[in-house]
$ cat input.pdb   # PDB, C-alpha atoms
ATOM      1  CA  MET A   1      10.566  12.927  17.836
ATOM      2  CA  THR A   2       8.577  13.301  14.606
ATOM      3  CA  SER A   3       5.148  11.759  14.169
ATOM      4  CA  ALA A   4       6.600   9.173  11.789
ATOM      5  CA  ALA A   5       9.304   8.272  14.299
ATOM      6  CA  SER A   6       6.727   8.087  17.114
ATOM      7  CA  ARG A   7       4.462   5.753  15.145
ATOM      8  CA  LEU A   8       7.393   3.557  14.170
ATOM      9  CA  HIS A   9       8.604   3.396  17.762
ATOM     10  CA  LEU A  10       5.129   2.388  19.005
ATOM     11  CA  VAL A  11       4.710  -0.376  16.419
ATOM     12  CA  ARG A  12       8.176  -1.743  17.175
ATOM     13  CA  GLU A  13       7.381  -1.684  20.899
ATOM     14  CA  ASN A  14       4.146  -3.596  20.271
ATOM     15  CA  ILE A  15       5.993  -6.185  18.185
ATOM     16  CA  ALA A  16       8.604  -6.616  20.904
ATOM     17  CA  ALA A  17       5.956  -6.992  23.631
ATOM     18  CA  ALA A  18       4.025  -9.595  21.639
ATOM     19  CA  ALA A  19       7.209 -11.512  20.857
ATOM     20  CA  GLN A  20       8.262 -11.546  24.485
ATOM     21  CA  LEU A  21       4.847 -12.849  25.552
ATOM     22  CA  ALA A  22       5.313 -15.698  23.078
ATOM     23  CA  ARG A  23       8.880 -16.274  24.324
ATOM     24  CA  ARG A  24      10.299 -15.207  20.986
ATOM     25  CA  ASP A  25      13.189 -12.956  20.082
ATOM     26  CA  PRO A  26      11.729  -9.713  18.642
ATOM     27  CA  ALA A  27      14.651  -9.646  16.204
ATOM     28  CA  GLU A  28      13.021 -12.632  14.440
ATOM     29  CA  VAL A  29      10.215 -10.352  13.216
ATOM     30  CA  THR A  30      10.650  -8.065  10.201
ATOM     31  CA  LEU A  31       8.391  -5.033  10.029
ATOM     32  CA  ALA A  32       7.433  -4.254   6.420
ATOM     33  CA  ALA A  33       5.944  -0.767   6.194
ATOM     34  CA  VAL A  34       3.139  -0.868   3.631
ATOM     35  CA  SER A  35       3.767   2.268   1.593
ATOM     36  CA  LYS A  36       1.225   1.774  -1.196
ATOM     37  CA  THR A  37      -0.554   5.048  -2.059
ATOM     38  CA  ARG A  38       1.907   6.937   0.148
ATOM     39  CA  SER A  39       4.011   9.778  -1.210
ATOM     40  CA  ALA A  40       7.786   9.763  -1.450
ATOM     41  CA  ASP A  41       7.895  12.444   1.266
ATOM     42  CA  GLU A  42       5.858  10.305   3.666
ATOM     43  CA  ILE A  43       8.072   7.308   2.965
ATOM     44  CA  ALA A  44      11.254   9.357   3.427
ATOM     45  CA  GLN A  45      10.122  10.356   6.919
ATOM     46  CA  LEU A  46       9.952   6.692   7.932
ATOM     47  CA  ILE A  47      13.295   5.951   6.294
ATOM     48  CA  GLU A  48      14.869   8.801   8.249
ATOM     49  CA  ALA A  49      13.323   7.346  11.418
ATOM     50  CA  GLY A  50      15.155   4.072  10.744
ATOM     51  CA  GLN A  51      12.684   1.923   8.786
ATOM     52  CA  ARG A  52      14.332  -0.243   6.106
ATOM     53  CA  ASP A  53      11.670  -2.676   4.793
ATOM     54  CA  PHE A  54       8.758  -1.401   2.701
ATOM     55  CA  GLY A  55       5.856  -3.128   0.955
ATOM     56  CA  GLU A  56       4.122  -2.099  -2.260
ATOM     57  CA  SER A  57       1.065  -3.664  -3.897
ATOM     58  CA  ARG A  58       1.369  -2.390  -7.466
ATOM     59  CA  VAL A  59       4.473  -2.691  -9.615
ATOM     60  CA  GLN A  60       3.621   0.390 -11.673
ATOM     61  CA  GLU A  61       3.228   2.580  -8.592
ATOM     62  CA  ALA A  62       6.469   1.278  -7.094
ATOM     63  CA  GLU A  63       8.334   2.014 -10.330
ATOM     64  CA  THR A  64       7.282   5.661 -10.221
ATOM     65  CA  LYS A  65       8.520   6.490  -6.714
ATOM     66  CA  TRP A  66      11.118   3.984  -5.525
ATOM     67  CA  PRO A  67      14.077   4.316  -7.936
ATOM     68  CA  SER A  68      14.840   7.871  -6.761
ATOM     69  CA  LEU A  69      14.251   6.916  -3.109
ATOM     70  CA  LEU A  70      16.614   3.962  -3.427
ATOM     71  CA  ASP A  71      19.263   6.208  -4.965
ATOM     72  CA  ARG A  72      19.072   8.500  -1.946
ATOM     73  CA  HIS A  73      18.641   5.771   0.670
ATOM     74  CA  PRO A  74      20.675   2.619  -0.004
ATOM     75  CA  GLY A  75      20.014  -0.484   2.055
ATOM     76  CA  ILE A  76      16.224  -0.529   1.651
ATOM     77  CA  ARG A  77      14.485  -3.871   1.041
ATOM     78  CA  LEU A  78      11.360  -3.728  -1.114
ATOM     79  CA  HIS A  79       8.562  -6.264  -0.686
ATOM     80  CA  CYS A  80       5.861  -6.938  -3.300
ATOM     81  CA  ILE A  81       2.771  -7.679  -1.225
ATOM     82  CA  GLY A  82      -0.033  -7.360  -3.787
ATOM     83  CA  ARG A  83      -1.373  -9.773  -6.373
ATOM     84  CA  LEU A  84       1.198  -9.904  -9.156
ATOM     85  CA  GLN A  85       0.333 -10.239 -12.827
ATOM     86  CA  SER A  86       2.588 -12.507 -14.851
ATOM     87  CA  ASN A  87       3.251  -9.754 -17.382
ATOM     88  CA  LYS A  88       4.778  -7.666 -14.578
ATOM     89  CA  ALA A  89       7.177 -10.429 -13.512
ATOM     90  CA  GLU A  90      10.253  -8.911 -15.144
ATOM     91  CA  ALA A  91       9.679  -5.492 -13.608
ATOM     92  CA  ALA A  92       8.978  -7.100 -10.226
ATOM     93  CA  ALA A  93      12.132  -9.217 -10.326
ATOM     94  CA  GLY A  94      14.174  -6.158 -11.173
ATOM     95  CA  LEU A  95      12.767  -4.001  -8.380
ATOM     96  CA  PHE A  96      11.670  -6.149  -5.446
ATOM     97  CA  ASP A  97      13.827  -8.105  -3.027
ATOM     98  CA  VAL A  98      10.944 -10.198  -1.677
ATOM     99  CA  ILE A  99       7.664 -11.243  -3.333
ATOM    100  CA  HIS A 100       4.883 -12.281  -0.945
ATOM    101  CA  SER A 101       2.173 -13.226  -3.440
ATOM    102  CA  LEU A 102       3.387 -16.224  -5.434
ATOM    103  CA  ASP A 103       0.122 -18.092  -5.892
ATOM    104  CA  ARG A 104       0.065 -20.026  -9.181
ATOM    105  CA  PRO A 105       2.277 -22.066 -11.516
ATOM    106  CA  GLY A 106       2.086 -19.539 -14.358
ATOM    107  CA  LEU A 107       3.435 -16.779 -12.139
ATOM    108  CA  LEU A 108       6.212 -19.047 -10.878
ATOM    109  CA  GLU A 109       7.288 -19.779 -14.438
ATOM    110  CA  ALA A 110       7.159 -16.081 -15.366
ATOM    111  CA  LEU A 111       9.235 -15.099 -12.334
ATOM    112  CA  VAL A 112      11.851 -17.764 -13.046
ATOM    113  CA  ARG A 113      12.241 -16.505 -16.625
ATOM    114  CA  ALA A 114      12.338 -12.903 -15.441
ATOM    115  CA  ALA A 115      14.890 -13.606 -12.710
ATOM    116  CA  GLU A 116      17.232 -15.281 -15.160
ATOM    117  CA  LYS A 117      16.851 -12.369 -17.582
ATOM    118  CA  VAL A 118      17.478  -9.539 -15.101
ATOM    119  CA  GLY A 119      20.008 -11.424 -12.983
ATOM    120  CA  ARG A 120      18.119 -11.022  -9.691
ATOM    121  CA  HIS A 121      16.358 -13.823  -7.809
ATOM    122  CA  PRO A 122      13.965 -12.339  -5.250
ATOM    123  CA  GLN A 123      12.900 -14.411  -2.286
ATOM    124  CA  VAL A 124       9.318 -15.642  -2.580
ATOM    125  CA  PHE A 125       6.532 -16.401  -0.150
ATOM    126  CA  VAL A 126       3.854 -18.816  -1.324
ATOM    127  CA  GLN A 127       0.478 -17.194  -0.752
ATOM    128  CA  VAL A 128      -2.004 -19.645   0.753
ATOM    129  CA  ASN A 129      -5.769 -19.261   0.427
ATOM    130  CA  ILE A 130      -6.032 -19.950   4.129
ATOM    131  CA  GLY A 131      -9.778 -19.265   4.362
ATOM    132  CA  GLU A 132     -10.613 -21.121   1.128
ATOM    133  CA  GLU A 133     -12.305 -17.993  -0.246
ATOM    134  CA  GLU A 134     -13.283 -18.131  -3.905
ATOM    135  CA  GLN A 135     -12.672 -14.428  -4.488
ATOM    136  CA  LYS A 136      -9.205 -14.361  -2.932
ATOM    137  CA  GLY A 137      -5.846 -15.270  -4.444
ATOM    138  CA  GLY A 138      -3.637 -17.966  -2.998
ATOM    139  CA  VAL A 139      -2.831 -21.623  -3.427
ATOM    140  CA  ALA A 140      -5.602 -23.984  -2.334
ATOM    141  CA  LEU A 141      -4.778 -26.044   0.745
ATOM    142  CA  ALA A 142      -5.043 -29.288  -1.222
ATOM    143  CA  ASP A 143      -2.583 -28.019  -3.844
ATOM    144  CA  LEU A 144      -0.030 -26.603  -1.412
ATOM    145  CA  PRO A 145       2.345 -29.608  -1.071
ATOM    146  CA  GLY A 146       2.810 -29.962  -4.823
ATOM    147  CA  PHE A 147       3.227 -26.237  -5.364
ATOM    148  CA  ILE A 148       5.844 -25.913  -2.620
ATOM    149  CA  ASP A 149       7.783 -28.743  -4.286
ATOM    150  CA  ARG A 150       7.693 -26.858  -7.588
ATOM    151  CA  VAL A 151       9.033 -23.710  -5.956
ATOM    152  CA  ARG A 152      11.812 -25.672  -4.271
ATOM    153  CA  ARG A 153      12.868 -27.082  -7.626
ATOM    154  CA  SER A 154      13.072 -23.556  -9.051
ATOM    155  CA  PRO A 155      16.020 -21.147  -8.654
ATOM    156  CA  LEU A 156      13.917 -18.766  -6.560
ATOM    157  CA  PRO A 157      14.644 -18.860  -2.805
ATOM    158  CA  LEU A 158      11.583 -20.003  -0.858
ATOM    159  CA  ALA A 159      11.133 -17.599   2.047
ATOM    160  CA  GLY A 160       7.997 -19.182   3.503
ATOM    161  CA  LEU A 161       4.200 -18.910   3.455
ATOM    162  CA  MET A 162       1.919 -15.873   3.360
ATOM    163  CA  ALA A 163      -1.796 -15.537   4.025
ATOM    164  CA  ILE A 164      -4.547 -12.977   4.543
ATOM    165  CA  PRO A 165      -7.334 -14.354   6.775
ATOM    166  CA  PRO A 166     -11.020 -13.717   5.987
ATOM    167  CA  GLN A 167     -12.039 -10.233   7.089
ATOM    168  CA  SER A 168     -15.131 -11.161   9.060
ATOM    169  CA  LEU A 169     -13.646 -13.912  11.237
ATOM    170  CA  GLU A 170     -11.269 -14.155  14.179
ATOM    171  CA  VAL A 171      -7.764 -14.186  12.712
ATOM    172  CA  SER A 172      -5.876 -16.289  15.273
ATOM    173  CA  PRO A 173      -7.052 -19.735  14.065
ATOM    174  CA  PHE A 174      -5.944 -18.865  10.534
ATOM    175  CA  PHE A 175      -2.552 -17.633  11.722
ATOM    176  CA  ALA A 176      -2.161 -20.826  13.748
ATOM    177  CA  LEU A 177      -3.093 -22.937  10.723
ATOM    178  CA  LEU A 178      -0.535 -21.165   8.530
ATOM    179  CA  ALA A 179       2.143 -21.761  11.162
ATOM    180  CA  LYS A 180       1.169 -25.450  11.290
ATOM    181  CA  LEU A 181       1.421 -25.697   7.497
ATOM    182  CA  ALA A 182       4.831 -24.049   7.570
ATOM    183  CA  ARG A 183       6.091 -26.580  10.111
ATOM    184  CA  ARG A 184       4.625 -29.455   8.111
ATOM    185  CA  HIS A 185       6.444 -28.331   4.982
ATOM    186  CA  GLY A 186       9.695 -27.389   6.669
ATOM    187  CA  VAL A 187       9.643 -23.640   6.043
ATOM    188  CA  SER A 188      10.364 -21.041   8.683
ATOM    189  CA  GLY A 189       9.075 -17.816   7.149
ATOM    190  CA  LEU A 190       5.549 -16.628   7.918
ATOM    191  CA  SER A 191       4.261 -13.416   6.343
ATOM    192  CA  MET A 192       1.061 -12.638   8.200
ATOM    193  CA  GLY A 193      -0.499  -9.818  10.172
ATOM    194  CA  MET A 194      -1.432  -6.241   9.278
ATOM    195  CA  SER A 195      -2.190  -3.049  11.222
ATOM    196  CA  GLY A 196      -5.208  -4.464  13.027
ATOM    197  CA  ASP A 197      -3.812  -7.871  13.960
ATOM    198  CA  TYR A 198      -0.017  -7.852  13.816
ATOM    199  CA  ARG A 199       0.323  -8.475  17.565
ATOM    200  CA  ALA A 200      -1.656 -11.719  17.293
ATOM    201  CA  ALA A 201       0.385 -12.680  14.245
ATOM    202  CA  VAL A 202       3.654 -12.171  16.107
ATOM    203  CA  MET A 203       2.442 -14.266  19.025
ATOM    204  CA  LEU A 204       1.587 -17.070  16.595
ATOM    205  CA  GLY A 205       4.907 -17.076  14.772
ATOM    206  CA  ALA A 206       4.953 -14.318  12.127
ATOM    207  CA  THR A 207       8.415 -13.515  10.808
ATOM    208  CA  VAL A 208       7.141 -10.645   8.643
ATOM    209  CA  VAL A 209       4.253  -8.332   9.498
ATOM    210  CA  ARG A 210       2.871  -5.959   6.868
ATOM    211  CA  VAL A 211       1.800  -2.743   8.613
ATOM    212  CA  GLY A 212       0.531   0.361   6.833
ATOM    213  CA  THR A 213      -2.127   2.435   8.584
ATOM    214  CA  ALA A 214      -0.503   2.223  12.017
ATOM    215  CA  LEU A 215       2.722   3.672  10.590
ATOM    216  CA  PHE A 216       1.393   6.352   8.270
ATOM    217  CA  GLU A 217      -1.666   7.762  10.020
ATOM    218  CA  ASP A 218      -1.991   9.521  13.385
TER     219      ASP A 218
END
$ encode --input "input.pdb" --output "structure tokens"
Amino acid sequence: MTSAASRLHLVRENIAAAAQLARRDPAEVTLAAVSKTRSADEIAQLIEAGQRDFGESRVQEAETKWPSLLDRHPGIRLHCIGRLQSNKAEAAAGLFDVIHSLDRPGLLEALVRAAEKVGRHPQVFVQVNIGEEEQKGGVALADLPGFIDRVRRSPLPLAGLMAIPPQSLEVSPFFALLAKLARRHGVSGLSMGMSGDYRAAVMLGATVVRVGTALFED
């Protein structure tokens, strides 16, 4: 078994164990391999090991390496997990299957226009500023109900909510709060958890975990 296959197997085992502890079906959890800054060769090793969902933060970087990979490996789902500029909406709609960082009305409008133009309507997660941090993107908690309504009135499929907890604090209360907000607003998707905390995220209801370091580094 290659190193890439070994790392992938370990992460999948950890996801399954956390899901079982929470009395969840591990199949409910999608593992998105965060491939930003990683080479096409590194990514191909994970694809050959069976990984099918990948996350990129920058549209420009994704455009340089993914078209040829997608030609060689059909069936891959690409996730945009970084902050998205409105002027990149058309490129993002044309390349990504899922966008995790919808966080403002202007971006929603740009994505709707782009989706209609390119003929692809990616699923979207509404990013929530779960820790109410001034320097971080995401919809403010007070604005979330109205923004979710706007997304639901758009042609873009609402996949759920996404959040990145504050770095210096225990993550579990923030994951639990995001899950509570999802239930309150009738959405089932929860994009939360990264390499250092994906087990806790799975136990608290994550349906997508975004894991990079644990998959690409020994």
$ closest_atom_pairs --input "input.pdb" --of "region 88-129 of chain A" --to "region 165-180 of chain A" --cutoff "12 Å" --atoms "only C-alpha atoms" --output "CSV"
residue,atom,partner,partner_atom,distance
A:Val126,CA,A:Leu178,CA,11.0
A:Gln127,CA,A:Leu178,CA,10.1
A:Val128,CA,A:Leu178,CA,8.1
A:Asn129,CA,A:Pro165,CA,8.2
$ resolve_selection --input "input.pdb" --expression "the PyMOL selection byres ((chain A and resi 157) around 6)" --output "PDB file with C-alpha atoms, keeping the file's coordinate frame"
ATOM      1  CA  GLN A 123      12.900 -14.411  -2.286  1.00  0.00           C
ATOM      2  CA  LEU A 156      13.917 -18.766  -6.560  1.00  0.00           C
ATOM      3  CA  LEU A 158      11.583 -20.003  -0.858  1.00  0.00           C
TER       4      LEU A 158
END
$ resolve_selection --input "input.pdb" --expression "the PyMOL selection byres ((chain A and resi 199) around 10)" --output "PDB file with C-alpha atoms, in the coordinates of the input"
ATOM      1  CA  VAL A  11       4.710  -0.376  16.419  1.00  0.00           C
ATOM      2  CA  ASN A  14       4.146  -3.596  20.271  1.00  0.00           C
ATOM      3  CA  ILE A  15       5.993  -6.185  18.185  1.00  0.00           C
ATOM      4  CA  ALA A  16       8.604  -6.616  20.904  1.00  0.00           C
ATOM      5  CA  ALA A  17       5.956  -6.992  23.631  1.00  0.00           C
ATOM      6  CA  ALA A  18       4.025  -9.595  21.639  1.00  0.00           C
ATOM      7  CA  ALA A  19       7.209 -11.512  20.857  1.00  0.00           C
ATOM      8  CA  GLY A 193      -0.499  -9.818  10.172  1.00  0.00           C
ATOM      9  CA  MET A 194      -1.432  -6.241   9.278  1.00  0.00           C
ATOM     10  CA  SER A 195      -2.190  -3.049  11.222  1.00  0.00           C
ATOM     11  CA  GLY A 196      -5.208  -4.464  13.027  1.00  0.00           C
ATOM     12  CA  ASP A 197      -3.812  -7.871  13.960  1.00  0.00           C
ATOM     13  CA  TYR A 198      -0.017  -7.852  13.816  1.00  0.00           C
ATOM     14  CA  ALA A 200      -1.656 -11.719  17.293  1.00  0.00           C
ATOM     15  CA  ALA A 201       0.385 -12.680  14.245  1.00  0.00           C
ATOM     16  CA  VAL A 202       3.654 -12.171  16.107  1.00  0.00           C
ATOM     17  CA  MET A 203       2.442 -14.266  19.025  1.00  0.00           C
ATOM     18  CA  LEU A 204       1.587 -17.070  16.595  1.00  0.00           C
ATOM     19  CA  ALA A 206       4.953 -14.318  12.127  1.00  0.00           C
ATOM     20  CA  VAL A 209       4.253  -8.332   9.498  1.00  0.00           C
TER      21      VAL A 209
END
$ residues_around --input "input.pdb" --residues "Gln85 (chain A)" --least-positions-apart "4" --cutoff "12 Å" --atoms "all atoms listed in the file" --output "list in words"
Ser57, Arg58, Val59, Gln60, Cys80, Ala89, Glu90, Ala91, Ala92, Ser101, Leu102, Asp103, Arg104, Gly106, Leu107, Leu108, Glu109, Ala110, Leu111 and Gly137 of chain A
$ resolve_selection --input "input.pdb" --expression "the PyMOL selection byres ((chain A and resi 73) around 12)" --output "PyMOL selection string"
chain A and resi 40+43-48+50-53+66-72+74-77
$ atom_distance --input "input.pdb" --atom1 "CA of Met192 (chain A)" --atom2 "CA of Arg210 (chain A)"
7.0 Å
$ residues_near_point --input "input.pdb" --point "(2.9, 3.9, -4.1)" --cutoff "8 Å" --atoms "all atoms listed in the file" --output "ChimeraX atom specification"
/A:35-39,56-58,61-62,64-65
$ atom_distance --input "input.pdb" --atom1 "CA of Val34 (chain A)" --atom2 "CA of Arg150 (chain A)"
28.7 Å
$ atom_distance --input "input.pdb" --atom1 "CA of Glu42 (chain A)" --atom2 "CA of Phe54 (chain A)"
12.1 Å
$ axis_aligned_box --input "input.pdb" --around "region 56-73 of chain A" --padding-each-side "8 Å" --output "lines of an AutoDock Vina configuration file"
center_x = 10.2
center_y = 2.4
center_z = -5.5
size_x = 34.2
size_y = 28.2
size_z = 28.3
$ closest_residue --input "input.pdb" --among "A:Glu28, A:Ile99, A:Leu8, A:Asp149" --to "Glu217 (chain A)" --atoms "all atoms listed in the file"
A:Leu8
$ closest_residue --input "input.pdb" --among "A:Ala32, A:Ala93, A:Val208, A:Ala27" --to "Gly160 (chain A)" --atoms "only C-alpha atoms"
A:Val208
$ decode --input "input.pdb" --residues "region 146-178 of chain A" --atoms "N, CA and C atoms" --output "PDB file, in the first residue's frame"
ATOM      1  N   GLY A 146     -32.200  35.641   7.047  1.00  0.00           N
ATOM      2  CA  GLY A 146     -32.527  36.349   5.818  1.00  0.00           C
ATOM      3  C   GLY A 146     -31.670  35.903   4.646  1.00  0.00           C
ATOM      4  N   PHE A 147     -30.397  35.625   4.913  1.00  0.00           N
ATOM      5  CA  PHE A 147     -29.517  35.215   3.819  1.00  0.00           C
ATOM      6  C   PHE A 147     -29.879  33.821   3.317  1.00  0.00           C
ATOM      7  N   ILE A 148     -30.200  32.914   4.228  1.00  0.00           N
ATOM      8  CA  ILE A 148     -30.625  31.574   3.807  1.00  0.00           C
ATOM      9  C   ILE A 148     -31.873  31.665   2.934  1.00  0.00           C
ATOM     10  N   ASP A 149     -32.805  32.534   3.298  1.00  0.00           N
ATOM     11  CA  ASP A 149     -34.010  32.722   2.478  1.00  0.00           C
ATOM     12  C   ASP A 149     -33.646  33.189   1.076  1.00  0.00           C
ATOM     13  N   ARG A 150     -32.682  34.095   0.974  1.00  0.00           N
ATOM     14  CA  ARG A 150     -32.267  34.586  -0.343  1.00  0.00           C
ATOM     15  C   ARG A 150     -31.677  33.465  -1.179  1.00  0.00           C
ATOM     16  N   VAL A 151     -30.868  32.626  -0.554  1.00  0.00           N
ATOM     17  CA  VAL A 151     -30.270  31.508  -1.294  1.00  0.00           C
ATOM     18  C   VAL A 151     -31.362  30.548  -1.762  1.00  0.00           C
ATOM     19  N   ARG A 152     -32.324  30.295  -0.898  1.00  0.00           N
ATOM     20  CA  ARG A 152     -33.407  29.370  -1.272  1.00  0.00           C
ATOM     21  C   ARG A 152     -34.251  29.909  -2.427  1.00  0.00           C
ATOM     22  N   ARG A 153     -34.323  31.207  -2.559  1.00  0.00           N
ATOM     23  CA  ARG A 153     -35.083  31.782  -3.665  1.00  0.00           C
ATOM     24  C   ARG A 153     -34.264  31.828  -4.959  1.00  0.00           C
ATOM     25  N   SER A 154     -32.989  31.498  -4.870  1.00  0.00           N
ATOM     26  CA  SER A 154     -32.117  31.500  -6.038  1.00  0.00           C
ATOM     27  C   SER A 154     -32.150  30.129  -6.710  1.00  0.00           C
ATOM     28  N   PRO A 155     -31.590  30.005  -7.916  1.00  0.00           N
ATOM     29  CA  PRO A 155     -31.544  28.701  -8.585  1.00  0.00           C
ATOM     30  C   PRO A 155     -30.397  27.809  -8.116  1.00  0.00           C
ATOM     31  N   LEU A 156     -29.598  28.279  -7.176  1.00  0.00           N
ATOM     32  CA  LEU A 156     -28.473  27.482  -6.700  1.00  0.00           C
ATOM     33  C   LEU A 156     -28.935  26.516  -5.603  1.00  0.00           C
ATOM     34  N   PRO A 157     -28.608  25.242  -5.693  1.00  0.00           N
ATOM     35  CA  PRO A 157     -29.005  24.294  -4.654  1.00  0.00           C
ATOM     36  C   PRO A 157     -28.284  24.579  -3.336  1.00  0.00           C
ATOM     37  N   LEU A 158     -29.053  24.710  -2.266  1.00  0.00           N
ATOM     38  CA  LEU A 158     -28.480  24.957  -0.945  1.00  0.00           C
ATOM     39  C   LEU A 158     -28.062  23.631  -0.325  1.00  0.00           C
ATOM     40  N   ALA A 159     -26.762  23.444  -0.167  1.00  0.00           N
ATOM     41  CA  ALA A 159     -26.245  22.193   0.389  1.00  0.00           C
ATOM     42  C   ALA A 159     -26.264  22.190   1.910  1.00  0.00           C
ATOM     43  N   GLY A 160     -26.090  23.376   2.532  1.00  0.00           N
ATOM     44  CA  GLY A 160     -26.051  23.420   3.983  1.00  0.00           C
ATOM     45  C   GLY A 160     -25.257  24.606   4.490  1.00  0.00           C
ATOM     46  N   LEU A 161     -24.658  24.439   5.674  1.00  0.00           N
ATOM     47  CA  LEU A 161     -23.891  25.498   6.331  1.00  0.00           C
ATOM     48  C   LEU A 161     -22.438  25.060   6.493  1.00  0.00           C
ATOM     49  N   MET A 162     -21.543  26.042   6.432  1.00  0.00           N
ATOM     50  CA  MET A 162     -20.115  25.789   6.642  1.00  0.00           C
ATOM     51  C   MET A 162     -19.581  26.775   7.658  1.00  0.00           C
ATOM     52  N   ALA A 163     -18.598  26.346   8.439  1.00  0.00           N
ATOM     53  CA  ALA A 163     -17.957  27.263   9.385  1.00  0.00           C
ATOM     54  C   ALA A 163     -16.552  26.805   9.703  1.00  0.00           C
ATOM     55  N   ILE A 164     -15.716  27.781  10.084  1.00  0.00           N
ATOM     56  CA  ILE A 164     -14.368  27.526  10.585  1.00  0.00           C
ATOM     57  C   ILE A 164     -14.285  28.147  11.975  1.00  0.00           C
ATOM     58  N   PRO A 165     -14.223  27.347  13.032  1.00  0.00           N
ATOM     59  CA  PRO A 165     -14.191  27.904  14.389  1.00  0.00           C
ATOM     60  C   PRO A 165     -12.929  28.728  14.653  1.00  0.00           C
ATOM     61  N   PRO A 166     -12.962  29.596  15.652  1.00  0.00           N
ATOM     62  CA  PRO A 166     -11.756  30.344  16.041  1.00  0.00           C
ATOM     63  C   PRO A 166     -10.610  29.393  16.375  1.00  0.00           C
ATOM     64  N   GLN A 167      -9.407  29.773  16.000  1.00  0.00           N
ATOM     65  CA  GLN A 167      -8.261  28.873  16.156  1.00  0.00           C
ATOM     66  C   GLN A 167      -7.898  28.602  17.605  1.00  0.00           C
ATOM     67  N   SER A 168      -8.079  29.570  18.468  1.00  0.00           N
ATOM     68  CA  SER A 168      -7.537  29.461  19.822  1.00  0.00           C
ATOM     69  C   SER A 168      -8.508  28.859  20.832  1.00  0.00           C
ATOM     70  N   LEU A 169      -9.689  28.445  20.377  1.00  0.00           N
ATOM     71  CA  LEU A 169     -10.708  27.958  21.304  1.00  0.00           C
ATOM     72  C   LEU A 169     -11.084  26.510  21.004  1.00  0.00           C
ATOM     73  N   GLU A 170     -11.665  25.850  21.979  1.00  0.00           N
ATOM     74  CA  GLU A 170     -12.186  24.502  21.788  1.00  0.00           C
ATOM     75  C   GLU A 170     -13.242  24.518  20.685  1.00  0.00           C
ATOM     76  N   VAL A 171     -13.109  23.586  19.736  1.00  0.00           N
ATOM     77  CA  VAL A 171     -13.957  23.640  18.540  1.00  0.00           C
ATOM     78  C   VAL A 171     -15.363  23.074  18.755  1.00  0.00           C
ATOM     79  N   SER A 172     -15.518  22.135  19.673  1.00  0.00           N
ATOM     80  CA  SER A 172     -16.784  21.396  19.775  1.00  0.00           C
ATOM     81  C   SER A 172     -18.005  22.293  19.987  1.00  0.00           C
ATOM     82  N   PRO A 173     -17.942  23.310  20.861  1.00  0.00           N
ATOM     83  CA  PRO A 173     -19.130  24.168  21.009  1.00  0.00           C
ATOM     84  C   PRO A 173     -19.529  24.871  19.713  1.00  0.00           C
ATOM     85  N   PHE A 174     -18.559  25.211  18.894  1.00  0.00           N
ATOM     86  CA  PHE A 174     -18.864  25.886  17.627  1.00  0.00           C
ATOM     87  C   PHE A 174     -19.473  24.906  16.626  1.00  0.00           C
ATOM     88  N   PHE A 175     -18.947  23.675  16.606  1.00  0.00           N
ATOM     89  CA  PHE A 175     -19.549  22.656  15.746  1.00  0.00           C
ATOM     90  C   PHE A 175     -20.991  22.373  16.186  1.00  0.00           C
ATOM     91  N   ALA A 176     -21.196  22.289  17.495  1.00  0.00           N
ATOM     92  CA  ALA A 176     -22.543  22.037  18.005  1.00  0.00           C
ATOM     93  C   ALA A 176     -23.492  23.179  17.662  1.00  0.00           C
ATOM     94  N   LEU A 177     -22.993  24.415  17.730  1.00  0.00           N
ATOM     95  CA  LEU A 177     -23.823  25.566  17.387  1.00  0.00           C
ATOM     96  C   LEU A 177     -24.193  25.541  15.906  1.00  0.00           C
ATOM     97  N   LEU A 178     -23.234  25.207  15.041  1.00  0.00           N
ATOM     98  CA  LEU A 178     -23.545  25.150  13.613  1.00  0.00           C
ATOM     99  C   LEU A 178     -24.598  24.076  13.338  1.00  0.00           C
TER     100      LEU A 178
END
